[in-house]
file my_file25.txt (compact mmCIF, N, CA and C atoms)
# COMPACT_ATOMS: atom_id res chain seq x y z
N MET A 1 126.33 137.43 97.64
CA MET A 1 126.04 136.51 96.57
C MET A 1 124.82 135.66 96.87
N PRO A 2 123.64 136.24 97.09
CA PRO A 2 122.46 135.43 97.41
C PRO A 2 122.09 134.47 96.28
N TYR A 3 122.30 134.89 95.02
CA TYR A 3 121.95 134.02 93.91
C TYR A 3 122.74 132.72 93.98
N PHE A 4 124.05 132.83 94.24
CA PHE A 4 124.90 131.64 94.34
C PHE A 4 124.42 130.75 95.49
N THR A 5 124.20 131.36 96.64
CA THR A 5 123.83 130.59 97.82
C THR A 5 122.51 129.86 97.63
N GLU A 6 121.49 130.58 97.16
CA GLU A 6 120.16 129.97 97.06
C GLU A 6 120.04 129.03 95.86
N PHE A 7 120.35 129.52 94.68
CA PHE A 7 120.11 128.72 93.49
C PHE A 7 121.20 127.69 93.25
N ILE A 8 122.39 128.17 93.02
CA ILE A 8 123.48 127.25 92.67
C ILE A 8 123.93 126.45 93.87
N GLY A 9 124.09 127.11 95.00
CA GLY A 9 124.62 126.43 96.18
C GLY A 9 123.80 125.24 96.59
N ILE A 10 122.51 125.44 96.78
CA ILE A 10 121.66 124.34 97.26
C ILE A 10 121.31 123.38 96.14
N ARG A 11 120.79 123.91 95.05
CA ARG A 11 120.29 123.04 93.99
C ARG A 11 121.40 122.28 93.26
N MET A 12 122.45 122.99 92.89
CA MET A 12 123.49 122.35 92.09
C MET A 12 124.29 121.34 92.91
N THR A 13 124.67 121.69 94.14
CA THR A 13 125.43 120.74 94.94
C THR A 13 124.59 119.52 95.29
N THR A 14 123.31 119.73 95.56
CA THR A 14 122.41 118.61 95.85
C THR A 14 122.26 117.73 94.62
N PHE A 15 122.08 118.34 93.47
CA PHE A 15 121.95 117.59 92.22
C PHE A 15 123.19 116.76 91.95
N LEU A 16 124.35 117.38 92.04
CA LEU A 16 125.60 116.64 91.76
C LEU A 16 125.79 115.49 92.73
N ASN A 17 125.54 115.73 94.01
CA ASN A 17 125.80 114.72 95.03
C ASN A 17 124.78 113.60 95.02
N THR A 18 123.50 113.91 94.83
CA THR A 18 122.47 112.87 94.92
C THR A 18 122.14 112.23 93.58
N ALA A 19 121.97 113.01 92.54
CA ALA A 19 121.57 112.44 91.25
C ALA A 19 122.74 111.76 90.54
N HIS A 20 123.94 112.28 90.75
CA HIS A 20 125.11 111.72 90.07
C HIS A 20 126.07 111.00 91.02
N PHE A 21 125.72 110.93 92.31
CA PHE A 21 126.51 110.21 93.30
C PHE A 21 127.96 110.69 93.36
N ILE A 22 128.15 112.00 93.21
CA ILE A 22 129.49 112.57 93.26
C ILE A 22 129.84 112.86 94.72
N PRO A 23 130.99 112.41 95.19
CA PRO A 23 131.38 112.63 96.59
C PRO A 23 131.47 114.12 96.92
N LEU A 24 131.40 114.44 98.22
CA LEU A 24 131.40 115.84 98.66
C LEU A 24 132.61 116.61 98.15
N LYS A 25 133.81 116.04 98.31
CA LYS A 25 135.02 116.75 97.90
C LYS A 25 135.00 117.06 96.40
N ARG A 26 134.61 116.09 95.61
CA ARG A 26 134.56 116.29 94.15
C ARG A 26 133.46 117.29 93.79
N THR A 27 132.34 117.27 94.50
CA THR A 27 131.27 118.25 94.26
C THR A 27 131.81 119.66 94.47
N CYS A 28 132.60 119.86 95.53
CA CYS A 28 133.20 121.16 95.80
C CYS A 28 134.14 121.58 94.68
N GLU A 29 134.93 120.64 94.16
CA GLU A 29 135.85 120.94 93.06
C GLU A 29 135.09 121.33 91.80
N ILE A 30 133.99 120.65 91.52
CA ILE A 30 133.18 120.98 90.34
C ILE A 30 132.58 122.37 90.49
N MET A 31 132.09 122.68 91.68
CA MET A 31 131.50 124.01 91.92
C MET A 31 132.55 125.10 91.72
N GLU A 32 133.78 124.85 92.14
CA GLU A 32 134.85 125.83 91.93
C GLU A 32 135.12 126.02 90.44
N ALA A 33 135.15 124.93 89.68
CA ALA A 33 135.40 125.01 88.25
C ALA A 33 134.26 125.73 87.52
N LEU A 34 133.02 125.47 87.93
CA LEU A 34 131.87 126.05 87.25
C LEU A 34 131.56 127.48 87.68
N CYS A 35 131.72 127.76 88.97
CA CYS A 35 131.24 129.04 89.51
C CYS A 35 132.33 129.94 90.07
N GLY A 36 133.52 129.39 90.24
CA GLY A 36 134.60 130.18 90.80
C GLY A 36 134.51 130.32 92.31
N ALA A 37 133.59 129.62 92.94
CA ALA A 37 133.45 129.63 94.39
C ALA A 37 133.58 128.20 94.89
N THR A 38 134.27 128.03 96.01
CA THR A 38 134.49 126.70 96.54
C THR A 38 133.74 126.52 97.84
N PRO A 39 132.61 125.81 97.81
CA PRO A 39 131.92 125.53 99.07
C PRO A 39 132.69 124.46 99.85
N SER A 40 132.55 124.49 101.16
CA SER A 40 133.19 123.45 101.98
C SER A 40 132.33 122.19 101.97
N ASP A 41 132.91 121.08 102.44
CA ASP A 41 132.14 119.85 102.59
C ASP A 41 130.93 120.08 103.49
N GLY A 42 131.14 120.88 104.55
CA GLY A 42 130.04 121.20 105.48
C GLY A 42 128.92 121.96 104.81
N THR A 43 129.26 122.86 103.90
CA THR A 43 128.23 123.61 103.17
C THR A 43 127.42 122.69 102.28
N VAL A 44 128.09 121.78 101.60
CA VAL A 44 127.38 120.82 100.74
C VAL A 44 126.47 119.95 101.60
N ALA A 45 126.96 119.48 102.74
CA ALA A 45 126.15 118.66 103.64
C ALA A 45 124.94 119.45 104.15
N LEU A 46 125.14 120.73 104.48
CA LEU A 46 124.03 121.58 104.91
C LEU A 46 123.01 121.75 103.79
N ASN A 47 123.49 121.93 102.56
CA ASN A 47 122.59 122.05 101.42
C ASN A 47 121.75 120.79 101.25
N LEU A 48 122.35 119.63 101.45
CA LEU A 48 121.60 118.37 101.36
C LEU A 48 120.52 118.31 102.44
N LYS A 49 120.87 118.75 103.64
CA LYS A 49 119.90 118.76 104.74
C LYS A 49 118.75 119.73 104.45
N LEU A 50 119.07 120.92 103.94
CA LEU A 50 118.03 121.90 103.59
C LEU A 50 117.10 121.36 102.51
N ALA A 51 117.68 120.73 101.50
CA ALA A 51 116.86 120.16 100.42
C ALA A 51 115.94 119.09 100.97
N ALA A 52 116.45 118.24 101.85
CA ALA A 52 115.62 117.18 102.44
C ALA A 52 114.48 117.77 103.26
N GLN A 53 114.76 118.82 104.02
CA GLN A 53 113.71 119.47 104.81
C GLN A 53 112.63 120.07 103.92
N ARG A 54 113.06 120.69 102.82
CA ARG A 54 112.10 121.34 101.91
C ARG A 54 111.25 120.33 101.16
N LEU A 55 111.74 119.10 101.04
CA LEU A 55 111.00 118.07 100.31
C LEU A 55 110.17 117.16 101.21
N GLU A 56 110.15 117.40 102.51
CA GLU A 56 109.41 116.53 103.43
C GLU A 56 107.92 116.45 103.08
N GLY A 57 107.30 117.58 102.82
CA GLY A 57 105.88 117.59 102.47
C GLY A 57 105.60 116.82 101.18
N PHE A 58 106.47 117.02 100.20
CA PHE A 58 106.34 116.31 98.93
C PHE A 58 106.50 114.81 99.13
N GLU A 59 107.46 114.41 99.96
CA GLU A 59 107.66 113.00 100.24
C GLU A 59 106.43 112.39 100.88
N CYS A 60 105.81 113.10 101.81
CA CYS A 60 104.60 112.59 102.46
C CYS A 60 103.45 112.47 101.46
N GLN A 61 103.37 113.41 100.53
CA GLN A 61 102.34 113.31 99.49
C GLN A 61 102.56 112.07 98.63
N LEU A 62 103.81 111.79 98.28
CA LEU A 62 104.11 110.58 97.51
C LEU A 62 103.74 109.33 98.28
N LYS A 63 104.09 109.30 99.57
CA LYS A 63 103.78 108.14 100.39
C LYS A 63 102.27 107.96 100.52
N ALA A 64 101.54 109.06 100.68
CA ALA A 64 100.08 108.98 100.76
C ALA A 64 99.49 108.45 99.46
N ALA A 65 100.04 108.90 98.33
CA ALA A 65 99.56 108.42 97.03
C ALA A 65 99.83 106.92 96.87
N LEU A 66 100.97 106.47 97.34
CA LEU A 66 101.29 105.04 97.26
C LEU A 66 100.36 104.20 98.14
N LEU A 67 100.01 104.74 99.30
CA LEU A 67 99.11 104.00 100.20
C LEU A 67 97.75 103.72 99.56
N LYS A 68 97.33 104.56 98.65
CA LYS A 68 96.03 104.41 98.00
C LYS A 68 96.05 103.34 96.90
N GLN A 69 97.23 102.88 96.52
CA GLN A 69 97.35 101.91 95.44
C GLN A 69 97.04 100.49 95.93
N THR A 70 96.47 99.69 95.05
CA THR A 70 96.16 98.31 95.42
C THR A 70 97.33 97.37 95.20
N VAL A 71 98.23 97.76 94.28
CA VAL A 71 99.40 96.93 93.97
C VAL A 71 100.65 97.80 94.08
N LEU A 72 101.63 97.32 94.84
CA LEU A 72 102.90 98.03 95.00
C LEU A 72 104.06 97.08 94.79
N ASN A 73 105.15 97.61 94.32
CA ASN A 73 106.41 96.88 94.27
C ASN A 73 107.20 97.29 95.51
N ALA A 74 107.74 96.35 96.24
CA ALA A 74 108.56 96.65 97.41
C ALA A 74 109.83 95.82 97.34
N ASP A 75 110.94 96.46 97.64
CA ASP A 75 112.22 95.75 97.59
C ASP A 75 113.14 96.37 98.63
N GLU A 76 114.12 95.58 99.09
CA GLU A 76 115.13 96.10 99.98
C GLU A 76 116.48 95.53 99.56
N THR A 77 117.49 96.36 99.69
CA THR A 77 118.84 95.95 99.35
C THR A 77 119.77 96.37 100.47
N GLY A 78 120.56 95.45 100.95
CA GLY A 78 121.50 95.75 102.02
C GLY A 78 122.88 96.04 101.47
N SER A 79 123.61 96.93 102.15
CA SER A 79 125.00 97.20 101.80
C SER A 79 125.76 97.57 103.07
N LYS A 80 127.03 97.31 103.07
CA LYS A 80 127.87 97.61 104.23
C LYS A 80 128.36 99.06 104.16
N VAL A 81 128.20 99.77 105.27
CA VAL A 81 128.73 101.13 105.42
C VAL A 81 129.54 101.12 106.70
N ASN A 82 130.84 101.30 106.58
CA ASN A 82 131.74 101.24 107.74
C ASN A 82 131.53 99.96 108.55
N GLY A 83 131.34 98.83 107.86
CA GLY A 83 131.21 97.54 108.51
C GLY A 83 129.83 97.24 109.06
N LYS A 84 128.87 98.15 108.92
CA LYS A 84 127.53 97.93 109.43
C LYS A 84 126.55 97.85 108.26
N THR A 85 125.61 96.91 108.35
CA THR A 85 124.64 96.74 107.27
C THR A 85 123.59 97.84 107.32
N HIS A 86 123.42 98.52 106.20
CA HIS A 86 122.36 99.52 106.03
C HIS A 86 121.43 99.02 104.93
N TRP A 87 120.18 99.44 104.99
CA TRP A 87 119.18 98.95 104.06
C TRP A 87 118.59 100.09 103.24
N LEU A 88 118.45 99.87 101.94
CA LEU A 88 117.75 100.79 101.06
C LEU A 88 116.44 100.11 100.70
N HIS A 89 115.34 100.77 101.00
CA HIS A 89 114.01 100.23 100.72
C HIS A 89 113.37 101.03 99.61
N VAL A 90 112.76 100.32 98.68
CA VAL A 90 112.10 100.92 97.54
C VAL A 90 110.65 100.47 97.55
N VAL A 91 109.74 101.43 97.48
CA VAL A 91 108.31 101.13 97.32
C VAL A 91 107.85 101.95 96.13
N SER A 92 107.21 101.29 95.16
CA SER A 92 106.86 102.00 93.94
C SER A 92 105.65 101.38 93.27
N ASN A 93 105.12 102.13 92.32
CA ASN A 93 104.14 101.63 91.37
C ASN A 93 104.55 102.18 90.00
N ALA A 94 103.66 102.18 89.05
CA ALA A 94 104.03 102.64 87.70
C ALA A 94 104.33 104.14 87.65
N HIS A 95 103.85 104.91 88.64
CA HIS A 95 103.98 106.36 88.59
C HIS A 95 104.86 106.97 89.67
N PHE A 96 105.00 106.31 90.81
CA PHE A 96 105.70 106.88 91.95
C PHE A 96 106.74 105.91 92.49
N THR A 97 107.82 106.47 93.01
CA THR A 97 108.85 105.68 93.68
C THR A 97 109.33 106.43 94.91
N VAL A 98 109.41 105.73 96.03
CA VAL A 98 109.96 106.31 97.25
C VAL A 98 111.10 105.42 97.71
N LEU A 99 112.25 106.05 97.98
CA LEU A 99 113.41 105.35 98.51
C LEU A 99 113.54 105.73 99.97
N ASP A 100 113.90 104.77 100.81
CA ASP A 100 114.09 105.03 102.23
C ASP A 100 115.29 104.24 102.69
N LYS A 101 116.14 104.86 103.47
CA LYS A 101 117.30 104.13 103.99
C LYS A 101 117.13 103.97 105.49
N ALA A 102 117.65 102.87 105.99
CA ALA A 102 117.55 102.61 107.42
C ALA A 102 118.73 101.76 107.85
N ALA A 103 119.26 102.05 109.03
CA ALA A 103 120.35 101.23 109.57
C ALA A 103 119.80 99.88 110.03
N SER A 104 118.57 99.89 110.54
CA SER A 104 117.96 98.66 111.01
C SER A 104 116.49 98.63 110.59
N TRP A 105 116.16 97.81 109.64
CA TRP A 105 114.79 97.74 109.12
C TRP A 105 113.82 97.27 110.20
N ARG A 106 114.16 96.24 110.92
CA ARG A 106 113.23 95.68 111.90
C ARG A 106 112.91 96.64 113.03
N LYS A 107 113.88 97.45 113.44
CA LYS A 107 113.63 98.41 114.51
C LYS A 107 112.70 99.53 114.06
N ARG A 108 112.89 100.00 112.84
CA ARG A 108 112.08 101.11 112.35
C ARG A 108 110.73 100.67 111.82
N HIS A 109 110.64 99.49 111.25
CA HIS A 109 109.43 99.04 110.56
C HIS A 109 109.07 97.61 110.95
N PRO A 110 108.60 97.41 112.17
CA PRO A 110 108.39 96.03 112.64
C PRO A 110 107.29 95.29 111.90
N VAL A 111 106.40 95.96 111.19
CA VAL A 111 105.32 95.23 110.51
C VAL A 111 105.34 95.43 109.01
N GLY A 112 106.44 95.87 108.44
CA GLY A 112 106.53 95.95 106.99
C GLY A 112 106.57 97.36 106.45
N PRO A 113 106.81 97.49 105.13
CA PRO A 113 107.04 98.80 104.53
C PRO A 113 105.84 99.74 104.57
N ARG A 114 104.62 99.23 104.56
CA ARG A 114 103.47 100.13 104.58
C ARG A 114 103.40 100.96 105.86
N ARG A 115 103.94 100.43 106.95
CA ARG A 115 103.95 101.17 108.21
C ARG A 115 104.75 102.47 108.08
N THR A 116 105.78 102.46 107.27
CA THR A 116 106.61 103.64 107.05
C THR A 116 105.77 104.85 106.68
N TYR A 117 104.80 104.66 105.86
CA TYR A 117 104.06 105.77 105.27
C TYR A 117 102.96 106.29 106.18
N ARG A 118 102.60 105.56 107.20
CA ARG A 118 101.58 106.02 108.13
C ARG A 118 102.13 107.06 109.11
N ALA A 119 103.44 107.22 109.16
CA ALA A 119 104.06 108.15 110.10
C ALA A 119 104.00 109.60 109.62
N CYS A 120 103.62 109.83 108.38
CA CYS A 120 103.58 111.20 107.85
C CYS A 120 102.40 111.95 108.45
N PRO A 121 102.60 113.23 108.74
CA PRO A 121 101.48 114.04 109.19
C PRO A 121 100.49 114.25 108.05
N PRO A 122 99.25 114.66 108.35
CA PRO A 122 98.29 114.93 107.28
C PRO A 122 98.86 115.96 106.31
N VAL A 123 98.66 115.72 105.03
CA VAL A 123 99.20 116.62 104.01
C VAL A 123 98.26 117.80 103.86
N ARG A 124 98.84 119.00 103.98
CA ARG A 124 98.06 120.22 103.78
C ARG A 124 98.69 120.99 102.63
N THR A 125 97.90 121.37 101.69
CA THR A 125 98.42 122.15 100.57
C THR A 125 97.76 123.51 100.57
N SER A 126 98.54 124.50 100.24
CA SER A 126 97.99 125.85 100.08
C SER A 126 98.52 126.42 98.78
N CYS A 127 97.64 126.62 97.84
CA CYS A 127 98.04 127.14 96.53
C CYS A 127 97.48 128.53 96.33

call {"tool": "encode", "arguments": {"input": "my_file25.txt", "output": "structure tokens"}}
result
Amino acid sequence: MPYFTEFIGIRMTTFLNTAHFIPLKRTCEIMEALCGATPSDGTVALNLKLAAQRLEGFECQLKAALLKQTVLNADETGSKVNGKTHWLHVVSNAHFTVLDKAASWRKRHPVGPRRTYRACPPVRTSC
């Protein structure tokens, strides 16, 4: 079933879990109802990891585009996860938005949000 694995498995489970904030177990139940196949929680987590890896270049392009802007919106919101504060950072302009999560903002970004974007390797495109 390569079609299920590549198209539905990765894209659909990632879409349900990230765009609609559906928990892993419920994502698996939805996939069973829609496709007749039940991925495990581990499969959904692997699909999320694969999607993140495939989008790394695109994310760096977005960050590079934001660095060129003269005006940016930056915000951070803290929330507790298992008793520990985690931070969601948003940097955006009228056209682009990048979200970044961190367990400790000061450790990862000692001089502010713009430092985050300098860590990307040079963007290379081949069309």

call {"tool": "atom_distance", "arguments": {"input": "my_file25.txt", "atom1": "atom C of Met12 of chain A", "atom2": "atom CA of Leu55 of chain A"}}
result
15.6 Å

call {"tool": "closest_residue", "arguments": {"input": "my_file25.txt", "among": "A:His95, A:Arg11, A:His20, A:Lys63", "to": "Leu48 of chain A", "atoms": "all atoms listed in the file"}}
result
A:Arg11

call {"tool": "select_by_dssp", "arguments": {"input": "my_file25.txt", "residues": "segment 36-108 of chain A", "states": "strand (DSSP E)", "output": "ChimeraX atom specification"}}
result
/A:73-81,84-92,97-102

call {"tool": "residues_around", "arguments": {"input": "my_file25.txt", "residues": "Ser40 of chain A", "least_positions_apart": "3", "cutoff": "8 Å", "atoms": "only N, CA and C atoms", "output": "list of chain:residue names"}}
result
A:Leu24, A:Lys25, A:Thr27, A:Cys28, A:Ala37, A:Thr43, A:Val44, A:Ala45, A:Leu46

call {"tool": "atom_distance", "arguments": {"input": "my_file25.txt", "atom1": "atom CA of Phe58 of chain A", "atom2": "atom N of His86 of chain A"}}
result
25.7 Å

call {"tool": "residues_near_point", "arguments": {"input": "my_file25.txt", "point": "(112.7, 94.2, 98.9)", "cutoff": "12 Å", "atoms": "only C-alpha atoms", "output": "PyMOL selection string"}}
result
chain A and resi 72-78+87-92+99-100+105+112-113

call {"tool": "axis_aligned_box", "arguments": {"input": "my_file25.txt", "around": "segment 81-97 of chain A", "padding_each_side": "5 Å", "output": "AutoDock Vina command-line options"}}
result
--center_x 117.7 --center_y 101.9 --center_z 98.5 --size_x 38.1 --size_y 20.2 --size_z 31.8

call {"tool": "atom_distance", "arguments": {"input": "my_file25.txt", "atom1": "atom CA of Thr14 of chain A", "atom2": "atom CA of Gly57 of chain A"}}
result
17.8 Å

call {"tool": "select_by_dssp", "arguments": {"input": "my_file25.txt", "residues": "segment 6-115 of chain A", "states": "helix (DSSP H, G or I)", "output": "MDAnalysis selection string"}}
result
chainID A and resid 6:19 24:35 41:54 56:67 105:108 114:115

call {"tool": "decode", "arguments": {"input": "my_file25.txt", "residues": "segment 62-93 of chain A", "atoms": "N, CA and C atoms", "output": "compact mmCIF listing (two decimals), in the first residue's frame"}}
result
# COMPACT_ATOMS: atom_id res chain seq x y z
N LEU A 62 11.70 30.82 4.64
CA LEU A 62 10.80 31.77 5.31
C LEU A 62 11.57 32.65 6.28
N LYS A 63 12.47 32.03 7.06
CA LYS A 63 13.24 32.80 8.03
C LYS A 63 14.15 33.80 7.32
N ALA A 64 14.75 33.39 6.20
CA ALA A 64 15.60 34.31 5.44
C ALA A 64 14.78 35.47 4.89
N ALA A 65 13.57 35.19 4.43
CA ALA A 65 12.70 36.25 3.92
C ALA A 65 12.32 37.22 5.03
N LEU A 66 12.07 36.71 6.22
CA LEU A 66 11.73 37.58 7.35
C LEU A 66 12.92 38.45 7.76
N LEU A 67 14.12 37.90 7.68
CA LEU A 67 15.30 38.69 8.05
C LEU A 67 15.48 39.92 7.16
N LYS A 68 14.99 39.86 5.95
CA LYS A 68 15.13 40.98 5.01
C LYS A 68 14.13 42.10 5.28
N GLN A 69 13.14 41.85 6.13
CA GLN A 69 12.10 42.83 6.40
C GLN A 69 12.58 43.88 7.40
N THR A 70 12.10 45.10 7.24
CA THR A 70 12.49 46.17 8.16
C THR A 70 11.61 46.20 9.40
N VAL A 71 10.37 45.68 9.27
CA VAL A 71 9.44 45.67 10.39
C VAL A 71 8.91 44.25 10.58
N LEU A 72 8.99 43.75 11.81
CA LEU A 72 8.49 42.42 12.13
C LEU A 72 7.63 42.47 13.38
N ASN A 73 6.69 41.58 13.46
CA ASN A 73 5.92 41.36 14.67
C ASN A 73 6.57 40.18 15.38
N ALA A 74 6.83 40.29 16.66
CA ALA A 74 7.40 39.19 17.44
C ALA A 74 6.61 39.05 18.73
N ASP A 75 6.31 37.82 19.08
CA ASP A 75 5.53 37.57 20.29
C ASP A 75 5.95 36.22 20.85
N GLU A 76 5.76 36.06 22.16
CA GLU A 76 6.00 34.77 22.78
C GLU A 76 4.89 34.50 23.79
N THR A 77 4.52 33.24 23.87
CA THR A 77 3.47 32.83 24.79
C THR A 77 3.95 31.60 25.53
N GLY A 78 3.86 31.63 26.83
CA GLY A 78 4.28 30.49 27.64
C GLY A 78 3.10 29.62 28.02
N SER A 79 3.34 28.32 28.12
CA SER A 79 2.32 27.40 28.61
C SER A 79 3.01 26.25 29.34
N LYS A 80 2.30 25.66 30.26
CA LYS A 80 2.85 24.56 31.05
C LYS A 80 2.63 23.24 30.32
N VAL A 81 3.69 22.45 30.21
CA VAL A 81 3.63 21.10 29.66
C VAL A 81 4.28 20.19 30.69
N ASN A 82 3.49 19.31 31.27
CA ASN A 82 3.98 18.43 32.34
C ASN A 82 4.68 19.22 33.44
N GLY A 83 4.13 20.37 33.81
CA GLY A 83 4.66 21.17 34.90
C GLY A 83 5.84 22.05 34.53
N LYS A 84 6.29 22.02 33.28
CA LYS A 84 7.44 22.83 32.86
C LYS A 84 6.97 23.87 31.84
N THR A 85 7.48 25.08 31.97
CA THR A 85 7.08 26.14 31.05
C THR A 85 7.76 25.97 29.70
N HIS A 86 6.96 25.95 28.66
CA HIS A 86 7.45 25.92 27.28
C HIS A 86 6.98 27.21 26.60
N TRP A 87 7.74 27.64 25.61
CA TRP A 87 7.45 28.91 24.96
C TRP A 87 7.16 28.71 23.48
N LEU A 88 6.13 29.38 22.99
CA LEU A 88 5.83 29.43 21.57
C LEU A 88 6.18 30.83 21.10
N HIS A 89 7.06 30.92 20.13
CA HIS A 89 7.51 32.21 19.61
C HIS A 89 6.96 32.39 18.21
N VAL A 90 6.46 33.58 17.94
CA VAL A 90 5.89 33.91 16.64
C VAL A 90 6.65 35.12 16.11
N VAL A 91 7.15 35.00 14.88
CA VAL A 91 7.76 36.13 14.19
C VAL A 91 7.06 36.21 12.84
N SER A 92 6.54 37.39 12.50
CA SER A 92 5.75 37.49 11.28
C SER A 92 5.79 38.89 10.71
N ASN A 93 5.32 38.98 9.47
CA ASN A 93 5.02 40.26 8.83
C ASN A 93 3.69 40.06 8.12
